[in-house]
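For reference, query-v5.tsv (TSV, C-alpha atoms):
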chain	number	residue	atom	x	y	z
P	1	MET	CA	-38.52	22.85	8.88
P	2	THR	CA	-37.35	19.27	8.32
P	3	THR	CA	-33.87	18.73	6.89
P	4	PRO	CA	-33.87	16.23	3.99
P	5	ALA	CA	-32.05	12.97	4.75
P	6	SER	CA	-29.89	13.52	1.68
P	7	ALA	CA	-28.67	16.95	2.83
P	8	PRO	CA	-25.34	15.68	4.28
P	9	ILE	CA	-24.61	13.78	1.04
P	10	TYR	CA	-25.01	16.87	-1.09
P	11	GLY	CA	-23.15	19.01	1.41
P	12	ASP	CA	-20.16	16.70	0.96
P	13	LEU	CA	-20.60	16.45	-2.82
P	14	SER	CA	-20.61	20.23	-3.07
P	15	LEU	CA	-17.02	20.19	-1.78
P	16	ILE	CA	-15.99	18.68	-5.12
P	17	ASP	CA	-15.76	21.65	-7.46
P	18	ILE	CA	-16.80	21.38	-11.09
P	19	GLY	CA	-13.75	20.34	-13.11
P	20	MET	CA	-11.89	18.96	-10.08
P	21	ASP	CA	-9.65	15.96	-10.70
P	22	LEU	CA	-11.01	12.60	-9.55
P	23	PHE	CA	-9.26	9.28	-8.95
P	24	ILE	CA	-11.62	6.51	-10.03
P	25	GLU	CA	-11.53	2.76	-9.64
P	26	ILE	CA	-13.96	0.65	-11.69
P	27	HIS	CA	-14.78	-2.89	-10.54
P	28	PHE	CA	-16.20	-5.11	-13.27
P	29	ALA	CA	-18.39	-8.16	-12.76
P	30	ASN	CA	-15.59	-10.50	-13.92
P	31	GLY	CA	-13.28	-9.32	-11.12
P	32	LYS	CA	-11.21	-6.98	-13.27
P	33	THR	CA	-10.36	-3.60	-11.72
P	34	VAL	CA	-9.30	-0.52	-13.70
P	35	GLN	CA	-7.90	2.66	-12.16
P	36	SER	CA	-8.00	5.93	-14.02
P	37	ARG	CA	-8.62	9.65	-13.64
P	38	SER	CA	-11.64	11.76	-14.38
P	39	SER	CA	-13.15	15.10	-13.38
P	40	MET	CA	-16.42	16.28	-11.88
P	41	ILE	CA	-18.98	17.63	-14.36
P	42	GLY	CA	-22.00	18.00	-12.07
P	43	TYR	CA	-24.96	16.30	-10.43
P	44	GLN	CA	-28.71	16.58	-10.02
P	45	LEU	CA	-30.24	16.22	-6.59
P	46	GLY	CA	-31.69	12.77	-5.98
P	47	ARG	CA	-30.93	11.51	-9.50
P	48	PHE	CA	-27.35	11.20	-10.76
P	49	ILE	CA	-23.74	12.40	-10.84
P	50	LEU	CA	-21.92	13.17	-14.09
P	51	ILE	CA	-18.16	12.70	-14.42
P	52	GLU	CA	-15.81	12.84	-17.39
P	53	TYR	CA	-15.26	9.57	-19.26
P	54	PRO	CA	-12.05	7.87	-17.99
P	55	ASN	CA	-9.06	9.37	-19.76
P	56	LYS	CA	-6.95	6.20	-19.88
P	57	GLY	CA	-6.63	2.56	-18.89
P	58	LEU	CA	-9.99	1.43	-20.26
P	59	SER	CA	-9.57	-1.00	-23.16
P	60	GLU	CA	-12.29	-1.54	-25.75
P	61	ALA	CA	-12.88	-5.02	-24.32
P	62	TYR	CA	-14.24	-3.49	-21.12
P	63	GLN	CA	-16.10	-0.47	-22.46
P	64	HIS	CA	-19.24	-2.52	-23.10
P	65	MET	CA	-19.15	-3.71	-19.47
P	66	LEU	CA	-19.28	-0.26	-17.91
P	67	VAL	CA	-23.02	-0.05	-17.29
P	68	ASN	CA	-23.87	-1.40	-13.82
P	69	ALA	CA	-20.18	-1.73	-12.89
P	70	GLU	CA	-19.22	-0.60	-9.40
P	71	ILE	CA	-17.11	2.55	-9.21
P	72	VAL	CA	-15.15	4.11	-6.36
P	73	VAL	CA	-14.52	7.85	-6.66
P	74	ARG	CA	-11.91	9.74	-4.64
P	75	ALA	CA	-10.92	13.41	-4.62
P	76	MET	CA	-8.95	15.91	-2.57
P	77	THR	CA	-11.03	19.06	-2.30
P	78	ASN	CA	-10.04	22.70	-2.03
P	79	SER	CA	-11.98	23.32	1.18
P	80	GLY	CA	-10.31	24.68	4.33
P	81	PHE	CA	-8.14	21.76	5.41
P	82	LYS	CA	-8.44	19.93	2.09
P	83	ASP	CA	-11.11	17.34	2.79
P	84	ILE	CA	-10.59	13.90	1.32
P	85	ILE	CA	-13.82	12.68	-0.25
P	86	ALA	CA	-14.52	9.08	-1.24
P	87	PHE	CA	-17.69	7.30	-2.23
P	88	LYS	CA	-18.85	4.07	-3.83
P	89	SER	CA	-21.43	4.17	-6.59
P	90	SER	CA	-22.51	2.35	-9.75
P	91	ILE	CA	-22.43	3.39	-13.39
P	92	LEU	CA	-25.96	4.01	-14.66
P	93	SER	CA	-25.12	4.82	-18.27
P	94	ILE	CA	-22.65	6.30	-20.74
P	95	VAL	CA	-23.53	9.74	-22.11
P	96	ASN	CA	-22.02	10.64	-25.48
P	97	GLN	CA	-23.24	14.21	-26.06
P	98	PRO	CA	-22.13	16.98	-25.81
P	99	ILE	CA	-19.04	15.13	-24.52
P	100	LYS	CA	-18.50	11.57	-23.39
P	101	MET	CA	-19.44	11.16	-19.72
P	102	LEU	CA	-20.30	8.54	-17.14
P	103	CYS	CA	-23.61	8.87	-15.34
P	104	LEU	CA	-23.36	7.54	-11.77
P	105	SER	CA	-25.91	6.71	-9.10
P	106	VAL	CA	-25.96	8.95	-6.05
P	107	PRO	CA	-24.07	7.27	-3.18
P	108	LYS	CA	-25.73	6.47	0.12
P	109	ILE	CA	-22.60	7.25	2.13
P	110	ILE	CA	-19.67	9.59	1.55
P	111	ILE	CA	-16.42	9.21	3.50
P	112	LYS	CA	-14.77	12.48	4.41
P	113	LYS	CA	-11.43	12.99	6.13
P	114	LYS	CA	-9.30	16.04	6.76
P	115	LEU	CA	-5.74	16.51	5.59
P	116	ARG	CA	-4.68	17.82	9.01
P	117	ASP	CA	-5.60	14.42	10.49
P	118	GLN	CA	-3.40	12.52	8.02
P	119	LEU	CA	-0.06	14.28	7.79
P	120	ARG	CA	1.61	10.92	7.22
P	121	VAL	CA	0.04	8.18	5.10
P	122	ASN	CA	0.74	4.47	5.56
P	123	ILE	CA	1.38	2.83	2.18
P	124	GLU	CA	3.11	-0.06	0.45
P	125	GLN	CA	4.94	1.16	-2.63
P	126	ASP	CA	7.87	-0.56	-4.35
P	127	VAL	CA	10.72	1.86	-5.07
P	128	PHE	CA	14.44	1.86	-5.84
P	129	VAL	CA	17.07	3.49	-3.64
P	130	ILE	CA	19.97	5.05	-5.53
P	131	HIS	CA	23.04	5.31	-3.32
P	132	ASN	CA	26.77	5.25	-4.09
P	133	ASP	CA	26.08	4.39	-7.75
P	134	ALA	CA	24.03	1.35	-6.70
P	135	LYS	CA	20.31	0.81	-7.31
P	136	VAL	CA	18.60	-1.27	-4.62
P	137	SER	CA	14.99	-2.47	-4.35
P	138	ALA	CA	13.10	-1.15	-1.33
P	139	LYS	CA	9.57	-0.65	-0.06
P	140	MET	CA	8.17	2.73	0.95
P	141	VAL	CA	5.91	2.17	3.95
P	142	ASP	CA	4.84	5.71	4.75
P	143	PHE	CA	4.94	9.07	3.03
P	144	SER	CA	4.46	12.73	3.95
P	145	PHE	CA	5.28	16.12	2.44
P	146	SER	CA	8.51	16.19	4.43
P	147	GLY	CA	9.81	12.63	4.16
P	148	CYS	CA	9.22	8.90	4.03
P	149	LEU	CA	10.16	5.60	5.65
P	150	LEU	CA	11.79	2.84	3.61
P	151	THR	CA	12.45	-0.81	4.41
P	152	LEU	CA	14.96	-2.98	2.56
P	153	ASP	CA	17.19	-6.01	2.99
P	154	ALA	CA	19.98	-5.07	5.40
P	155	ASN	CA	22.45	-7.07	3.30
P	156	ALA	CA	21.60	-5.12	0.14
P	157	ALA	CA	22.96	-1.73	1.21
P	158	SER	CA	24.50	0.25	4.05
P	159	PHE	CA	23.52	3.76	5.07
P	160	ALA	CA	24.78	6.22	7.64
P	161	GLU	CA	22.67	8.96	9.15
P	162	GLY	CA	23.12	12.20	7.23
P	163	GLU	CA	23.99	10.52	3.94
P	164	GLN	CA	22.31	11.71	0.76
P	165	ILE	CA	19.80	9.24	-0.72
P	166	HIS	CA	17.76	9.32	-3.92
P	167	VAL	CA	14.50	7.40	-4.22
P	168	SER	CA	13.22	6.40	-7.66
P	169	ILE	CA	9.43	6.05	-7.57
P	170	SER	CA	7.06	5.09	-10.38
P	171	ILE	CA	3.35	4.81	-9.58
P	172	ASN	CA	2.17	5.44	-13.13
P	173	THR	CA	3.25	7.47	-16.15
P	174	GLU	CA	2.08	10.70	-14.51
P	175	LEU	CA	3.53	10.04	-11.05
P	176	SER	CA	7.15	9.05	-11.43
P	177	GLY	CA	10.52	10.61	-10.79
P	178	ILE	CA	13.35	10.96	-8.30
P	179	LEU	CA	12.90	12.17	-4.72
P	180	SER	CA	16.09	13.29	-2.98
P	181	GLY	CA	16.84	13.63	0.69
P	182	SER	CA	19.03	12.54	3.57
P	183	ALA	CA	18.89	9.59	5.96
P	184	VAL	CA	17.81	10.88	9.37
P	185	LYS	CA	17.32	7.51	11.09
P	186	VAL	CA	18.71	4.08	10.23
P	187	LYS	CA	17.73	0.98	12.19
P	188	ASN	CA	18.28	-2.74	11.60
P	189	VAL	CA	15.27	-4.78	12.69
P	190	GLU	CA	15.87	-8.52	12.33
P	191	GLY	CA	17.74	-8.18	9.05
P	192	LEU	CA	15.37	-5.53	7.66
P	193	LEU	CA	16.80	-2.04	7.37
P	194	HIS	CA	14.42	0.80	8.30
P	195	VAL	CA	15.57	4.10	6.80
P	196	GLY	CA	13.84	7.37	7.61
P	197	ILE	CA	14.39	9.99	4.93
P	198	LYS	CA	13.93	13.73	5.12
P	199	PHE	CA	13.24	15.18	1.69
P	200	SER	CA	15.17	18.11	0.28
P	201	ASP	CA	13.31	21.15	-1.02
P	202	ASP	CA	13.53	20.23	-4.70
P	203	ASN	CA	10.84	18.53	-6.80
P	204	SER	CA	8.04	19.89	-4.60
P	205	LEU	CA	5.38	19.45	-7.29
P	206	LEU	CA	6.12	15.73	-7.60
P	207	LYS	CA	6.00	15.34	-3.80
P	208	ASP	CA	2.67	17.16	-3.61
P	209	ASN	CA	1.15	15.06	-6.38
P	210	ILE	CA	2.39	11.78	-4.90
P	211	PHE	CA	1.18	12.71	-1.43
P	212	SER	CA	-2.24	13.65	-2.81
P	213	TYR	CA	-2.44	10.32	-4.63
P	214	PHE	CA	-1.53	8.29	-1.53
P	215	LEU	CA	-3.82	10.33	0.71
P	216	VAL	CA	-6.81	10.00	-1.58
P	217	ASN	CA	-6.23	6.28	-2.01
P	218	SER	CA	-5.83	5.73	1.74
P	219	THR	CA	-9.65	5.87	1.93
P	220	ARG	CA	-9.74	2.54	0.06
P	221	HIS	CA	-9.97	0.55	3.32
P	222	SER	CA	-11.97	3.09	5.32
Is it possible to give me this structure as structure tokens?
Amino acid sequence: MTTPASAPIYGDLSLIDIGMDLFIEIHFANGKTVQSRSSMIGYQLGRFILIEYPNKGLSEAYQHMLVNAEIVVRAMTNSGFKDIIAFKSSILSIVNQPIKMLCLSVPKIIIKKKLRDQLRVNIEQDVFVIHNDAKVSAKMVDFSFSGCLLTLDANAASFAEGEQIHVSISINTELSGILSGSAVKVKNVEGLLHVGIKFSDDNSLLKDNIFSYFLVNSTRHS
């Protein structure tokens, strides 16, 4: 019996459960990019994929440009080690009934990674460090469930190992808040302070959601 060439594609797609949250990135012909969230509705073998219409970030000016626009879809699945799925597709049409949906072409390639292989994610996220009643700009350069690494101007603040630090992070309206922890390693590298932070046990839901966001989006350059 011959295995269809598309079998691996659908094996990977089947990891995305119906109703699962999706991170989507739409690239329009004029160079504009819109990021939003969606959810998986379903697919038909060899024909199309149906996802929920983007729930925010899509102005009326761009709605008429959706058809034929390129779309990147990312998700963190519920399989064994939480596979990270990412694929590039195009929008075939907008479906209005029974609910508003986007109809996508079936991708030729699906990228799949495993959570156990990416315990720490390299990122570039602007944040604020709150320490001794001061609020200092910093950059978060990696992130994990247990902690993160920050870089900031060595002249802007001074930290000692073991000190309590609060990190104010705002990715979007849904992913923002304060992450607390302690400095476990402080190093001055040519005027740039590298501060390793170990998170405390509070605000675990925010940490999980932020980590999932960074991990899913780390497939952008894969």
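Between atom CA of P:Arg37 and atom CA of P:Val73 the interatomic distance comes to 9.3 Å.
Of the listed residues (P:Ile178, P:Ala29, P:Val72, P:Ala86), P:Ile178 comes nearest to P:Ser204; the distances count all atoms listed in the file.
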So that I can check the surroundings of P:His64, please list as a compact mmCIF listing (two decimals) with C-alpha atoms, in the coordinates of the input every protein, DNA and RNA residue that reaches within 12 Å of it, counting all atoms listed in the file and ignoring chain neighbours fewer than 5 positions away.
# COMPACT_ATOMS: atom_id res chain seq x y z
CA PHE P 28 -16.20 -5.11 -13.27
CA ALA P 29 -18.39 -8.16 -12.76
CA LEU P 58 -9.99 1.43 -20.26
CA SER P 59 -9.57 -1.00 -23.16
CA ALA P 69 -20.18 -1.73 -12.89
CA ILE P 91 -22.43 3.39 -13.39
CA SER P 93 -25.12 4.82 -18.27
CA ILE P 94 -22.65 6.30 -20.74
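Proximity to P:Ser14 was assessed for P:Asn217, P:Ile85, P:Arg74, P:Ser39 counting only C-alpha atoms; the smallest distance is recorded for P:Ile85.
The nearest approach to P:His166 among the residues P:Val106, P:Ile210, P:Cys148, P:Leu22, with only C-alpha atoms taken into account, belongs to P:Cys148.
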**Message:** At a cut-off of 9 Å, using only C-alpha atoms, what residues contact P:His194? Leave out same-chain residues fewer than 5 positions from it and give the result as a ChimeraX atom specification.
**Reply:** /P:149-152,154,185-189
**Prompt:** Can you tell me, as a ChimeraX atom specification, what residues are no more than 12 Å from P:Ile123 when counting only C-alpha atoms, ignoring any on the same chain fewer than 3 positions away?
**Reply:** /P:120,126-127,139-144,148-151,210-211,213-221
